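Novice: Take a look at this one; I'll ask things after.
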Amino acid sequence: MRKFNITVNGKTYEVEVEEIGGVNAQISRPTVAPTVQKSVPTVSAPKPTTSAPKQSAPTTAPAGANTITAPMPGTILDIKVNEGDNVSNGQVLLILEAMKMENEIMAPIDGKVVSINVSKGASVNAGDVLMVLG
């Protein structure tokens, strides 16, 4: 047993911790037996009569262009630049909300906004192309 003093909000607590193994200690994990699902008959859904609006195809990046991708899944809260704008290194391009936090996506280089591939309110996945700088 090892004893430690831990202070939380100005109040000190004495804590005892039992050491159960060193670096080579093995962790035992419970074994889980696989379960077999019974097959469920498939039912085809009726086809919708109206088609969903198509998203515009993302513009392909010209040679030497720099693509800005989403670092994590989230929602686009605001787009701070327009196509054709000149941007400088470190300038905020857009705001991405992820896990209830607002993340500023900044320009990695000086350049011109060639295309914006997302819109305000759109959900994006990690790795999705947000913008292309030329």
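If you're wondering about the labels, chains in the structure tokens are A, B, ... by order shown, residues count from 1 in each chain, ligands from 1 in order shown.
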Which residues are near stretch 75-83 of chain A? Cut-off 12 Å, only C-alpha atoms, ignore same chain within fewer than 5 positions. Put them as an MDAnalysis selection string.
Specialist: chainID A and resid 59 70 88 91:107 111:126 128 130:134
Novice: Might you pull out every residue within 9 Å of A:Asn5, with only C-alpha atoms counted and same-chain residues fewer than 2 positions away left off, and present them as a PyMOL selection string?
Specialist: chain A and resi 3+7+12-16
Novice: One decimal, Å: what's the distance from atom CA of A:Gly84 over to atom CA of A:Val129, could you say?
Specialist: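 About the pair atom CA of A:Gly84 and atom CA of A:Val129: they are 17.2 Å apart.
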Novice: Measure the distance from atom CA of A:Asp110 to atom CA of A:Gly90 in Å and round it to one decimal.
Specialist: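 Atom-to-atom, atom CA of A:Asp110 and atom CA of A:Gly90 are spaced 8.4 Å apart.
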